[in-house]
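Comments concern the structure below.
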Amino acid sequence: MSKTLVIVESPAKAKSISKFLGSRFIVKASMGHLRDLPKSQLGVDIEHDFKPKYIAIRGKGELIKELRTAAKGTKKVLLASDPDREGEAIAWHLSYLLGMDPEEKCRIEFHEITKAAILAAVKNVRNIDICRVDSQQARRILDRLVGYQLSPLLWRKVKKGLSAGRVQSVALRLIADREEEIRAFEPQEYWTLTVLLGFSGGIFQARLIKKKQQKIEVNSREQMETILEELEGEVFWINDIRTKEKRKQPSPPFTTSSLQQEAHRKLSFSPKKTMMLAQQLYEGIDLGKKGSIGLITYMRTDSVKVSEFAREESKTWILDNFGTDYYPEVPRQYTSKGRAQEAHEAIRPTSLEHSPDSLKEFLKRDQLRVYRLIWERFIASQMSSAVIDTLTVDVQAGDYLFRANSSQVSFPGYLAVYVEVQDDCMDDKKNETQYSLPSSAQEKLTLNKMEEKQHFTEPPPRYTEASLVRKMEVEGIGRPSTYAPTIETIQTRGYVIKDAKQLLPTELGEIVLTLLKEFFPKIVNLEFTAYMEEKLDDIEEGEISWKEVIRDFYGPFAVTLANAEERMGKVQIQDQESDQVCEHCGRNMVIKMGRYGKFLACPNFPECRNTKPFLEQIGVNCPKCSKPLVARRSKKGRKFYGCTAYPECDFISWELPVAEPCPQCNHYMIMKQSKRQKRYVCSNQECHYARNIED
């Protein structure tokens with residue numbers, strides 16, 4: 001009876017912690033939640049002030065029995081679930097299942113799995129924070145009331161298998177609203193004029209920006225032709241040269257949201273995959289003789305705070321590896337936005353002794369890539385600013401002013417370690433040349449060429465998983481732990497599909513959203529959803545009762561629900577008939593939408609359960625056997641292009657093949673697309689032919 005039982009959430013974490021605590025402690029894993037609302041019923045007693053009905057989760061009976069037996073054989077039980085609301089709720093449920101005194105100090109908390117953090121935690125035992133528990137209870141009950149009452153309505157009015165949720169429906173709305181913007185977008189014509197000018201140091205280019213000191217916009221060919229006529233015979237001369245020194249500050253270390261965004265942009269990882277890998281790094285990696293060690297701090301956080309210990313450690317590392325110029329005069333401190341949980345830290349390495357290169361033999365490839373991202377971002381966040389010298393040259397020709405910009409890094413600072421990828425929605429640097437620019441206003445210029453170009457404005461980009469996470473964070477929709485599962489859910493339900501990293505609403509998703517907008521406007525209202533998140537924060541801080549929040553929400557919701565039940569008509573979603581005949585029963589198969597896009601199914605379901613992939617022909621023949629190529633999707637939902645003669649022909653391409661062969665080597669070409677341009681590129685790696693599609 002002299003031992004202490006410590007209960008964590010996962011076996012990996014238990015393994016890491018055991019070696020720090022020694023033989024006086026027994027460490028076991030609860031495998032997450034052990035008690036929850038029942039799946040088969042609402043589980044909330046609306047008539048008795050929303051009392052929840054918690055039951056042991058099916059399949060967890062043996063584990064609960066094992067933990068109870070272990071608890072009886074020890075002098076003390078410490079509950080060490082994750083340091084957030086959900087972790088607090090898990091600890092609360094565990095204390096109930098183990099028959100512990102609610103007033104007993106039994107809760108320990110740590111934000112990294114290191115010896116120092118674990119030993120400090122067991123010395124600072126506290127009571128379970130009931131305000132945190134109540135906040136999590138309120139979220140769970142709110143989501144249950146919405147999901148378990150709204151989803152059956154959709155089953156009755158639309159079709160079975162649909163769902164609606166308090167956060168997922170708003171995420172769907174963001175994607176669908178963006179699609180509406182794109183459809184309604186009308187391109188506007190505009191023109192640019194660039195001149196190539198020679199000087200003693202070479203050639204540079206400058207772009208037209210003003211006429212008679214007024215910003216100029218050219219919206220038609222006629223306007224451009226007038227400008228070209230007026231410039232004919234004009235002398236180009238340097239009007240002004242300006243140099244400026246800019247200091248570029250490093251970004252803060254990662255939060256959950258910024259890690260998901262950057263991993264998506266740099267590594268093409270989904271938020272779900274990023275969080276899975278980060279969880280593994282947090283819970284512990286076996287480092288050979290050192291044993292299992294947690295490599296990063298807790299990965300569900302909206303705080304950018306850094307501990308004094310970590311700041312001092314980073315200072316030593318930077319000074320040793322880069323020198324004094326690379327460390328700022330005043331150590332960097334970052335301030336979190338909104339109501340971030342400042343008890344948490346930003347995501348950072350637990351020890352700078354574990355450099356990414358030193359862990360290559362212990363980490364899997366994707367684990368190492370995420371760890372390197374976290375490591376480099378944290379080191380960079382503590383370093384000096386980058387110093388960038390900019391040069392601006394204004395060139396006059398008659399009434400018209402042209403401008404050329406260039407920049408170069410004079411001192412890299414934090415850029416020596418980490419460069420952040422620009423987000424999809426951020427503007428590219430415009431009008432910046434890679435040429436050398438004149439440094440003296442006395443330089444004589446010669447006009448080599450004038451290049452006028454027609455453009456059309458483009459619609460706003462579709463959301464990627466990265467930009468959707470960013471939008472949800474900005475709007476206050478959900479919390480760090482909810483971004484990844486929310487995006488996963490709307491794809492699993494068939495409301496959204498991912499195509500070339502972009503999120504598109506399906507027909508089903510748009511139908512469901514239209515109904516929700518009409519009959520449940522609050523549920524899909526961004527401001528209302530953000531307001532509910534603030535109320536959950538108020539509960540955590542002890543400013544309001546969780547039952548009061550539920551009552552205020554449910555009264556109007558129940559009225560809206562009854563109204564929708566009465567007024568919402570039954571929606572018939574007609575399946576599109578294909579020319580493919582079911583070989584089992586002879587009926588024409590229909591096109592349906594599933595998790596990974598369209599597929600063919602027999603309309604005689606459930607008597608006939610035959611399904612087939614929906615093969616979307618792309619109008620290009622296979623370069624190996626000349627049969628038509630079709631678009632397919634992998635098991636992970638990624639689009640690729642394969643031959644209709646598969647498996648006899650095994651041709652596949654992850655890039656879209658085009659009908660035109662390479663003019664240099666006759667191999668097939670593929671289309672590559674970026675934000676700026678579309679190009680035809682030869683698939684033959686030994687041939688480097690490529691051209692812009694506009695050419």
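Residues in the structure tokens are numbered from 1 in each chain, the chains being A, B, ... in the order shown, and ligands are numbered from 1 in the order shown.
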task: Write out as a PyMOL selection string each polymer residue whose atoms come within 6 Å of stretch 270-276 of chain A, counting only C-alpha atoms; drop sequence neighbours fewer than 2 positions from it.
output: chain A and resi 260+264+278-279+484
- request: Run DSSP on the backbone and grab whatever in stretch 102-163 of chain A lands in alpha helix (DSSP H); send it over as a PyMOL selection string.
  value: chain A and resi 115-123+130-157
Output the selection as an mmCIF file, in the first residue's frame - C-alpha atoms for each residue.
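Written file, again-v7.cif:
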data_model
loop_
_atom_site.group_PDB
_atom_site.id
_atom_site.type_symbol
_atom_site.label_atom_id
_atom_site.label_comp_id
_atom_site.auth_asym_id
_atom_site.auth_seq_id
_atom_site.Cartn_x
_atom_site.Cartn_y
_atom_site.Cartn_z
ATOM 1 C CA LYS A 115 11.752 14.374 -15.793
ATOM 2 C CA ALA A 116 11.735 17.892 -14.351
ATOM 3 C CA ALA A 117 8.113 18.533 -15.412
ATOM 4 C CA ILE A 118 6.816 15.183 -14.101
ATOM 5 C CA LEU A 119 8.603 15.440 -10.737
ATOM 6 C CA ALA A 120 7.345 19.011 -10.323
ATOM 7 C CA ALA A 121 3.796 17.890 -11.135
ATOM 8 C CA VAL A 122 3.638 15.153 -8.476
ATOM 9 C CA LYS A 123 4.740 17.740 -5.878
ATOM 10 C CA ILE A 130 -14.806 21.904 -11.573
ATOM 11 C CA CYS A 131 -15.142 25.076 -13.670
ATOM 12 C CA ARG A 132 -13.059 23.476 -16.420
ATOM 13 C CA VAL A 133 -15.154 20.319 -16.106
ATOM 14 C CA ASP A 134 -18.380 22.314 -16.346
ATOM 15 C CA SER A 135 -17.114 24.109 -19.459
ATOM 16 C CA GLN A 136 -16.386 20.774 -21.131
ATOM 17 C CA GLN A 137 -19.742 19.378 -19.967
ATOM 18 C CA ALA A 138 -21.508 22.379 -21.458
ATOM 19 C CA ARG A 139 -19.749 21.897 -24.821
ATOM 20 C CA ARG A 140 -20.584 18.185 -24.820
ATOM 21 C CA ILE A 141 -24.242 18.761 -23.930
ATOM 22 C CA LEU A 142 -24.650 21.625 -26.410
ATOM 23 C CA ASP A 143 -23.237 19.490 -29.193
ATOM 24 C CA ARG A 144 -25.400 16.544 -28.154
ATOM 25 C CA LEU A 145 -28.600 18.637 -28.088
ATOM 26 C CA VAL A 146 -27.889 20.027 -31.538
ATOM 27 C CA GLY A 147 -26.531 16.854 -33.133
ATOM 28 C CA TYR A 148 -29.045 14.369 -31.708
ATOM 29 C CA GLN A 149 -32.108 16.525 -32.392
ATOM 30 C CA LEU A 150 -31.155 18.224 -35.631
ATOM 31 C CA SER A 151 -29.642 15.188 -37.370
ATOM 32 C CA PRO A 152 -32.793 13.001 -37.088
ATOM 33 C CA LEU A 153 -34.786 15.873 -38.577
ATOM 34 C CA LEU A 154 -32.478 15.814 -41.610
ATOM 35 C CA TRP A 155 -32.894 12.035 -41.800
ATOM 36 C CA ARG A 156 -36.665 12.437 -42.011
ATOM 37 C CA LYS A 157 -36.667 15.402 -44.384
#
task: Kindly indicate which residue among A:Leu526, A:Lys3, A:Asn321, A:Val304 lies nearest to A:Lys72, using only C-alpha atoms for the distances.
output: A:Lys3
query: Can you tell me how far atom CA of A:Pro459 sits from atom CA of A:Lys498, in Å to one decimal?
result: 18.5 Å
- prompt: Using only C-alpha atoms, which residues sit within 8 Å of stretch 89-97 of chain A once same-chain residues fewer than 6 positions away are excluded, as a PyMOL selection string?
  reply: chain A and resi 32-35+64+68+79-81+107+128+132-133+136-137
Take the residues just selected and output them with all heavy atoms as a CSV table (one decimal), in the first residue's frame.
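Saved file part_10.csv follows:
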chain,number,residue,atom,x,y,z
A,32,GLY,N,-8.0,7.3,-22.9
A,32,GLY,CA,-8.9,8.4,-23.2
A,32,GLY,C,-10.1,8.3,-22.3
A,32,GLY,O,-10.0,8.0,-21.1
A,33,HIS,N,-11.3,8.6,-22.8
A,33,HIS,CA,-12.5,8.7,-22.0
A,33,HIS,C,-13.0,7.3,-21.6
A,33,HIS,O,-12.9,6.3,-22.4
A,33,HIS,CB,-13.7,9.3,-22.8
A,33,HIS,CG,-13.6,10.8,-22.8
A,33,HIS,ND1,-14.0,11.6,-21.8
A,33,HIS,CD2,-13.1,11.7,-23.7
A,33,HIS,CE1,-13.9,12.9,-22.1
A,33,HIS,NE2,-13.3,13.0,-23.3
A,34,LEU,N,-13.5,7.1,-20.4
A,34,LEU,CA,-14.1,5.9,-19.9
A,34,LEU,C,-15.6,6.0,-19.7
A,34,LEU,O,-16.3,5.0,-19.6
A,34,LEU,CB,-13.4,5.4,-18.6
A,34,LEU,CG,-11.9,5.0,-18.7
A,34,LEU,CD1,-11.4,4.7,-17.3
A,34,LEU,CD2,-11.7,3.8,-19.6
A,35,ARG,N,-16.0,7.2,-19.6
A,35,ARG,CA,-17.5,7.5,-19.3
A,35,ARG,C,-17.9,8.6,-20.2
A,35,ARG,O,-17.2,9.6,-20.4
A,35,ARG,CB,-17.7,7.9,-17.9
A,35,ARG,CG,-19.1,7.7,-17.4
A,35,ARG,CD,-19.1,7.8,-15.8
A,35,ARG,NE,-18.9,9.1,-15.3
A,35,ARG,CZ,-19.7,9.8,-14.5
A,35,ARG,NH1,-20.8,9.2,-14.1
A,35,ARG,NH2,-19.4,11.0,-14.1
A,64,ILE,N,-11.9,-0.5,-16.8
A,64,ILE,CA,-12.3,0.1,-15.5
A,64,ILE,C,-12.1,-0.8,-14.3
A,64,ILE,O,-11.6,-0.3,-13.3
A,64,ILE,CB,-13.8,0.5,-15.7
A,64,ILE,CG1,-14.0,1.6,-16.8
A,64,ILE,CG2,-14.4,1.0,-14.3
A,64,ILE,CD1,-15.5,1.8,-17.1
A,68,ARG,N,-9.8,0.1,-11.1
A,68,ARG,CA,-10.3,0.0,-9.7
A,68,ARG,C,-9.5,-0.9,-8.9
A,68,ARG,O,-9.2,-0.6,-7.7
A,68,ARG,CB,-11.8,-0.5,-9.8
A,68,ARG,CG,-12.8,0.6,-10.2
A,68,ARG,CD,-14.1,0.0,-10.4
A,68,ARG,NE,-15.1,1.1,-10.7
A,68,ARG,CZ,-16.3,0.9,-11.2
A,68,ARG,NH1,-16.7,-0.4,-11.5
A,68,ARG,NH2,-17.2,1.9,-11.4
A,79,LEU,N,-4.4,11.7,-10.9
A,79,LEU,CA,-5.0,11.7,-12.2
A,79,LEU,C,-4.3,12.7,-13.1
A,79,LEU,O,-4.3,13.9,-12.8
A,79,LEU,CB,-6.5,12.1,-12.1
A,79,LEU,CG,-7.3,11.2,-11.1
A,79,LEU,CD1,-8.7,11.8,-11.0
A,79,LEU,CD2,-7.3,9.8,-11.6
A,80,ALA,N,-3.6,12.2,-14.1
A,80,ALA,CA,-2.7,13.0,-14.9
A,80,ALA,C,-3.1,13.1,-16.4
A,80,ALA,O,-2.3,13.0,-17.3
A,80,ALA,CB,-1.3,12.4,-14.8
A,81,SER,N,-4.4,13.3,-16.6
A,81,SER,CA,-4.9,13.4,-18.0
A,81,SER,C,-4.4,14.8,-18.6
A,81,SER,O,-3.9,15.6,-17.8
A,81,SER,CB,-6.4,13.3,-18.1
A,81,SER,OG,-7.0,14.0,-17.0
A,107,ARG,N,-5.3,15.7,-8.6
A,107,ARG,CA,-5.1,16.1,-10.0
A,107,ARG,C,-3.7,16.7,-10.2
A,107,ARG,O,-3.3,17.6,-9.4
A,107,ARG,CB,-6.1,17.2,-10.4
A,107,ARG,CG,-6.0,17.7,-11.9
A,107,ARG,CD,-6.5,16.8,-12.9
A,107,ARG,NE,-6.6,17.4,-14.2
A,107,ARG,CZ,-5.9,17.1,-15.2
A,107,ARG,NH1,-4.9,16.2,-15.2
A,107,ARG,NH2,-6.1,17.7,-16.4
A,128,ILE,N,-9.5,18.8,-8.6
A,128,ILE,CA,-10.1,18.9,-9.9
A,128,ILE,C,-10.7,20.2,-10.1
A,128,ILE,O,-11.5,20.6,-9.2
A,128,ILE,CB,-11.0,17.7,-10.2
A,128,ILE,CG1,-10.3,16.4,-10.2
A,128,ILE,CG2,-11.8,17.9,-11.5
A,128,ILE,CD1,-11.2,15.2,-10.3
A,132,ARG,N,-13.5,24.0,-15.1
A,132,ARG,CA,-13.1,23.5,-16.4
A,132,ARG,C,-14.0,22.3,-16.8
A,132,ARG,O,-14.3,22.2,-18.0
A,132,ARG,CB,-11.6,23.0,-16.3
A,132,ARG,CG,-10.5,24.0,-16.6
A,132,ARG,CD,-9.2,23.2,-16.8
A,132,ARG,NE,-8.1,24.0,-16.8
A,132,ARG,CZ,-6.8,23.6,-16.9
A,132,ARG,NH1,-6.6,22.3,-17.0
A,132,ARG,NH2,-5.8,24.4,-16.9
A,133,VAL,N,-14.3,21.5,-15.9
A,133,VAL,CA,-15.2,20.3,-16.1
A,133,VAL,C,-16.5,20.8,-16.6
A,133,VAL,O,-17.1,20.3,-17.6
A,133,VAL,CB,-15.3,19.5,-14.8
A,133,VAL,CG1,-16.3,18.4,-15.1
A,133,VAL,CG2,-14.0,18.9,-14.4
A,136,GLN,N,-16.4,21.9,-20.2
A,136,GLN,CA,-16.4,20.8,-21.1
A,136,GLN,C,-17.7,20.1,-21.2
A,136,GLN,O,-18.2,19.7,-22.2
A,136,GLN,CB,-15.3,19.8,-20.7
A,136,GLN,CG,-15.2,18.6,-21.6
A,136,GLN,CD,-14.9,18.9,-23.1
A,136,GLN,OE1,-14.2,20.0,-23.3
A,136,GLN,NE2,-15.3,18.1,-24.0
A,137,GLN,N,-18.4,20.0,-20.0
A,137,GLN,CA,-19.7,19.4,-20.0
A,137,GLN,C,-20.7,20.2,-20.8
A,137,GLN,O,-21.5,19.6,-21.6
A,137,GLN,CB,-20.3,19.4,-18.5
A,137,GLN,CG,-19.9,18.1,-17.7
A,137,GLN,CD,-20.9,18.0,-16.5
A,137,GLN,OE1,-21.5,17.0,-16.4
A,137,GLN,NE2,-20.9,19.0,-15.7
Using only C-alpha atoms: which of A:Cys582, A:Ala466, A:Ile209, A:Ala690 has the shortest distance to A:Ser268: A:Ala466
- request: Select, from A:Ile241, A:Met532, A:Met589, A:Ile203, the residue with the minimum atom-to-atom distance to A:Leu391, counting only C-alpha atoms.
  value: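 Among A:Ile241, A:Met532, A:Met589, A:Ile203, it is A:Ile241 that comes nearest to A:Leu391.
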- prompt: Near A:Lys215, within 10 Å and counting only C-alpha atoms, which residues show up once chain neighbours fewer than 6 positions away are dropped, as a VMD selection string?
  reply: chain A and resid 208 to 209 400 to 401
Quick one: write out the picked residues with N, CA and C atoms as a CSV table (one decimal), in the first residue's frame?
chain,number,residue,atom,x,y,z
A,208,LEU,N,4.5,50.7,-64.8
A,208,LEU,CA,3.8,51.9,-64.8
A,208,LEU,C,2.9,51.9,-63.6
A,209,ILE,N,3.0,53.1,-62.8
A,209,ILE,CA,2.1,53.2,-61.6
A,209,ILE,C,1.3,54.5,-61.6
A,400,TYR,N,4.2,60.2,-67.2
A,400,TYR,CA,4.1,58.8,-66.7
A,400,TYR,C,5.3,58.5,-65.7
A,401,LEU,N,4.9,57.8,-64.6
A,401,LEU,CA,5.9,57.4,-63.6
A,401,LEU,C,5.9,55.9,-63.6
query: Got a sec: who's within 8 Å of A:Phe50, counting only C-alpha atoms, leaving out chain neighbours fewer than 3 positions off, as number ranges by chain?
result: A: 44-47, 547, 550
Would you put the residues from that selection into a file with N, CA and C atoms, as a PDB file, in the first residue's frame?
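The file below, again-v4.pdb, is the result:
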ATOM      1  N   VAL A  44     -29.512  13.369 -22.263  1.00  0.00           N
ATOM      2  CA  VAL A  44     -29.630  14.628 -21.521  1.00  0.00           C
ATOM      3  C   VAL A  44     -31.082  14.778 -21.093  1.00  0.00           C
ATOM      4  N   ASP A  45     -31.310  14.895 -19.798  1.00  0.00           N
ATOM      5  CA  ASP A  45     -32.666  15.009 -19.258  1.00  0.00           C
ATOM      6  C   ASP A  45     -33.101  16.469 -19.322  1.00  0.00           C
ATOM      7  N   ILE A  46     -33.777  16.802 -20.418  1.00  0.00           N
ATOM      8  CA  ILE A  46     -34.178  18.195 -20.649  1.00  0.00           C
ATOM      9  C   ILE A  46     -35.169  18.671 -19.583  1.00  0.00           C
ATOM     10  N   GLU A  47     -36.029  17.751 -19.113  1.00  0.00           N
ATOM     11  CA  GLU A  47     -37.058  18.116 -18.131  1.00  0.00           C
ATOM     12  C   GLU A  47     -36.477  18.396 -16.750  1.00  0.00           C
ATOM     13  N   LYS A 547     -25.370  25.470 -16.591  1.00  0.00           N
ATOM     14  CA  LYS A 547     -26.791  25.214 -16.841  1.00  0.00           C
ATOM     15  C   LYS A 547     -27.491  26.464 -17.371  1.00  0.00           C
ATOM     16  N   ILE A 550     -26.796  26.625 -21.085  1.00  0.00           N
ATOM     17  CA  ILE A 550     -27.601  25.631 -21.810  1.00  0.00           C
ATOM     18  C   ILE A 550     -29.064  26.075 -21.879  1.00  0.00           C
TER      19      ILE A 550
END
Contacts of A:Met299 within 12 Å, only C-alpha atoms, excl. fewer than 4 positions in-chain, as an MDAnalysis selection string: chainID A and resid 82:84 111:113 253:260 274:283 294:295 303:304 344:350 370:371 374 480:481
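The residue that comes closest to A:Pro521, out of A:Arg403, A:Arg173, A:Lys51, A:Lys15 and on the basis of only C-alpha atoms, is A:Arg173.
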